[in-house]
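The block underneath contains the structure these notes are about, expressed in structure tokens.
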Amino acid sequence: MSNNTEKQEYTITVYTENQVGLLNRIAIIFSRRKINVESLNTSPSEVPGIHRFTIVVMESREVVLKIVRQIEKQVEVLKAYFNTNDEIVWQELALYKVLSDEITEKVKVERLLREFGARAVAIRKDFIVFETTGHREETNKLMEALAPFGLVEFVRSARVAIIKESAGFHEKLKDFEEREPGEEVIENEYLGKREAVFTM
Amino acid sequence: MEQQQLTGSQAVLEACIAEGVDTIFGYPGGAIMPIYDALYDYKEKLNHILVRHEQGGIHAGQGYARSSGKVGVVFATSGPGATNLVTGLADAMIDSTPLVCITGQVFAHLLGTDAFQETDVINITMPVTKWNFQITDAEEIPAVLAKAFYLARSGRPGPVLIDISKNAQLQKFNYPGYTPCNHIRSYRPKPVIRKEFIDEAVELINNAKKPLVIFGQGVILGKAEKEFKKFIEKSGMPAAWTILGLSALPTDHPQNVGMLGMHGNYGPNVLTNECDVLIAVGMRFDDRVTGRLDKYAKQAKIIHLDIDPSEIDKNVKATVGVWGDCKETLPLLTLGIEQKDRSEWLAVFAEYAQQEYDQCIQPEMYPSSDEMSMAEVIRNINEITKGNAIMVTDVGQHQMVTCRYAKFNDSRSNITSGGLGTMGFGLPAAIGAKFGAQDRTVIGIIGDGGFQMTLQELGTIMQTGVDVKIVILNNQFLGMVRQWQDLFNEKRYSFVDIQSPDYIMLAKSYGIDGCKVEDRKNLVGAVQTMLAHKGSYLLEVMVGKENNVFPMVPQGCSVSEIRLK
């Protein structure tokens with residue numbers, strides 16, 4: 001168990017209703033405390049009609065725990081989890097635009113792209129767009145390597161993450177729809193093990 | 001079955017009636033005109049109070065909610081009408097006051113065009129509402145309003161704002177009738193009570209030698225005053241309160257050991273750092289209560305009862321967190337705890353109380369100087385009301401003095417702006433409190449600074465004839481800031497010297513009788529006259545200019561470093 005006050009990357013996963021304005025309600029929980037959001041992704045979840053936020057912050061466990069409770073308190077939020085990097089599987093996607101001349105003329109570039117497992121998603125006479133997925137360090141490395149060869153544009157997506165231990169949200173949602181919550185809903189709430197609070 | 005056709009505006013008013021609303025505080029304007037037009041036909045069923053400023057309206061709504069235990073309802077127009085609600089929303093949010101505020105909005109097709117009196121009220125009020133929602137189609141009105149009332153009053157209560165575009169107010173639709181809301185799948189008003197934590201708490205209490213109970217507004221909001229009394233009486237524990245918890249337990253109860261925090265009583269502050277188990281009931285460990293956090297109750301095991309899971313471990317780490325509605329959790333604890341005589345421990349509080357009385361309270365209540373003190377005014381009021389009045393305060397020295405010295409027999413009798421500390425709260429909240437408890441005497445104790453922030457509401461008193469007793473404790477200063485400048489800024493009295501108008505003449509111009517007291521010999525008579533007066537009355541008392549409120553826990557100090565002088 002890591003130190004409560006030591007900062008590290010946490011991935012916060014939030015299951016919500018699909019409601020206008022909820023993004024803002026969640027965002028102000030961070031901005032009010034002057035916490036920078038490193039990455040934010042919203043997408044549909046495994047359950048139809050339920051949205052899933054994936055938020056990455058660099059913070060201490062103590063702060064993240066309080067934030068997660070504030071998020072969960074929002075009316076349209078069903079459940080919020082937070083995990084350290086070793087508890088999740090995650091990816092980010094990056095796109096690189098490189099001039100075609102550079103690629104065709106310099107063998108080194110081609111080798112680089114092969115080495116990083118990059119895939120061409122658009123090939124034109126003037127430029128080529130490559131794509132890689134991976135952790136930030138991996139996509140960064142390719143960006144740095146391409147820089148001397150005229151990297152025209154670079155963009156990277158937010159983190160998407162799967163919680164290793166999660167059984168998904170289908171069963172939990174059924175409980176939320178009940179008036180009296182079952183054990184599933186409250187599995188995070190003080191089960192006698194303080195350390196287990198809000199982790200899965 | 002033929003469905004009834006209603007306009008959106010009518011549906012709003014039908015929702016209010018179905019929710020048992022009897023009083024609405026509001027102010028009309030362009031974007032809410034359709035609702036006001038509909039209200040014209042509902043005058044028999046809904047008592048609309050025309051305030052003089054939307055901030056006055058929302059504070060009145062808060063006063064109403066706090067005295068009645070019902071949801072306060074406020075109407076305002078778009079733009080400036082809506083932004084004028086913001087201070088009251090923030091106040092209601094931090095003090096967990098149930099409100100439903102309805103604001104008008106420009107036509108839906110004009111949203112985002114900088115239309116006349118358009119403001120993005122949803123985003124402006126997002127951090128200061130429990131929930132808010134914009135309606136652009138009348139069909140949404142019944143369900144959204146049902147949700148609004150449910151959210152405002154359930155769980156940890158709070159303010160809800162519903163913004164309704166003008167087209168939706170005008171739109172006719174097939175009214176399906178009103179169905180109250182009692183379940184939202186993504187919202188859990190009450191956390192599940194876990195038996196193991198009840199058991200752990202019971203064990204801690206039973207093994208405690210020196211337990212101290214500290215209680216907040218949660219007891220009042222949970223309507224758990226009886227349950228709370230049984231709980232402390234069974235095991236003879238001393239109980240101290242936060243200013244929002246005040247009046248949940250009668251002030252003369254033998255186990256009531258007084259007020260916590262910065263200007264609280266000597267005993268409960270010092271002994272917080274000596275008790276072995278601290279039992280916090282429906283309170284949130286505000287910094288004005290805890291003082292320096294790293295020196296707060298470090299020796300004690302802490303049991304924290306709260307309905308809001310995010311409060312547990314937020315400021316003070318709990319040994320046992322008892323999540324749940326205290327109306328349900330307190331009886332479970334009472335069942336398990338042993339009957340105990342703790343008179344020895346209570347006697348320690350009595351010793352501190354005696355010291356405080358001799359050094360602080362007695363000289364304040366019975367001053368030897370010619371200058372009148374705020375405390376003696378409160379003492380005079382107590383002697384006549386016998387603790388049966390509702391006391392509404394503004395913010396500052398007079399607020400601390402009133403909370404320290406006012407007597408209360410019944411719950412929901414102390415109404416003040418606690419968390420936000422909103423100057424200007426007092427007068428409108430007193431008006432609202434009277435509408436919420438018409439059979440009770442309502443006394444607003446207000447400073448000369450705060451009164452001047454919302455004195456336009458004298459117009460509301462004039463027009464409605466509501467019976468509110470107003471006491472202005474005039475020290476010709478912004479007293480609390482002056483006190484800090486005195487103690488911590490070498491008496492550099494920077495912009496705290498505030499002048500007042502002739503309040504008696506001012507009241508008179510609104511048709512309100514009044515009297516100014518500058519000499520002690522007239523005080524008793526003036527208080528008697530005020531309380532015997534039929535209708536509103538304004539009493540101005542000139543009090544000592546540079547009196548400070550003590551005891552005091554200076555900011556950044558531990559509660560045990562409380563100063564009597």
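Here's how to read the names in the structure tokens: chain A, B, ... by the order shown, residue numbers from 1 in each chain, ligand numbers from 1 in the order shown.
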
* Could you please tell me, as an NGL selection string, which residues of chain A have an atom within 7 Å of chain B when using only C-alpha atoms? => :A and (25 or 66 or 69-70 or 75-78 or 176-177 or 179)

Excluding same-chain residues fewer than 5 positions from range 469-479 of chain B, what lies within 7 Å of it counting only C-alpha atoms, as a CSV table (one decimal) with C-alpha atoms, in the first residue's frame?
```csv
chain,number,residue,atom,x,y,z
B,374,MET,CA,-24.7,43.1,23.3
B,396,GLY,CA,-20.6,39.2,13.0
B,397,GLN,CA,-20.2,40.0,16.7
B,398,HIS,CA,-23.9,40.2,17.4
B,442,VAL,CA,-39.5,36.0,15.5
B,443,ILE,CA,-36.7,38.3,16.6
B,444,GLY,CA,-34.0,39.4,14.1
B,445,ILE,CA,-30.8,40.4,15.9
B,446,ILE,CA,-28.8,42.3,13.3
B,447,GLY,CA,-25.6,44.5,13.3
B,448,ASP,CA,-25.5,48.0,11.9
B,449,GLY,CA,-23.3,46.7,9.0
B,496,VAL,CA,-14.5,49.4,9.5
B,497,ASP,CA,-15.8,52.7,10.8
B,498,ILE,CA,-19.4,52.7,9.3
B,499,GLN,CA,-22.0,55.3,9.6
B,530,MET,CA,-41.1,45.8,21.3
B,536,SER,CA,-43.2,44.7,13.4
B,537,TYR,CA,-41.0,46.9,15.5
B,538,LEU,CA,-37.5,48.1,15.2
B,539,LEU,CA,-35.3,48.5,18.3
B,540,GLU,CA,-31.9,50.1,17.9
B,541,VAL,CA,-29.6,49.7,20.8
B,542,MET,CA,-26.3,51.7,21.0
B,543,VAL,CA,-23.8,49.3,22.4
B,544,GLY,CA,-20.1,49.7,23.3
B,545,LYS,CA,-18.1,50.7,20.3
```

* Separation of CA of Lys106 in chain A from CA of Thr133 in chain A, in Å and rounded to one decimal ->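 Separation between CA of Lys106 in chain A and CA of Thr133 in chain A: 23.7 Å.
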
* To do: With a distance cut-off of 12 Å and only C-alpha atoms, select the neighbouring residues of Gln354 in chain B, excluding the residue or stretch itself and same-chain residues fewer than 5 positions from it, and output the selection as a VMD selection string.
  => chain B and resid 257 265 to 267 347 to 349 359 to 362

* Out of range 125-325 of chain B, which residues get strand (DSSP E or B) from DSSP, as a ChimeraX atom specification? -> /B:131-135,159-165,172-175,184,187,211-215,239-241,256-259,277-281,291,301-306,320-323

* All residues 7 Å or closer to Val129 in chain A, only C-alpha atoms, same chain fewer than 5 positions away omitted, as a count of residues only -> 8

* Quick one: pull the distance between CA of Gln217 in chain B and CA of Ala248 in chain B, Å, one decimal. =>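 Here the two named atoms are 7.7 Å from each other.
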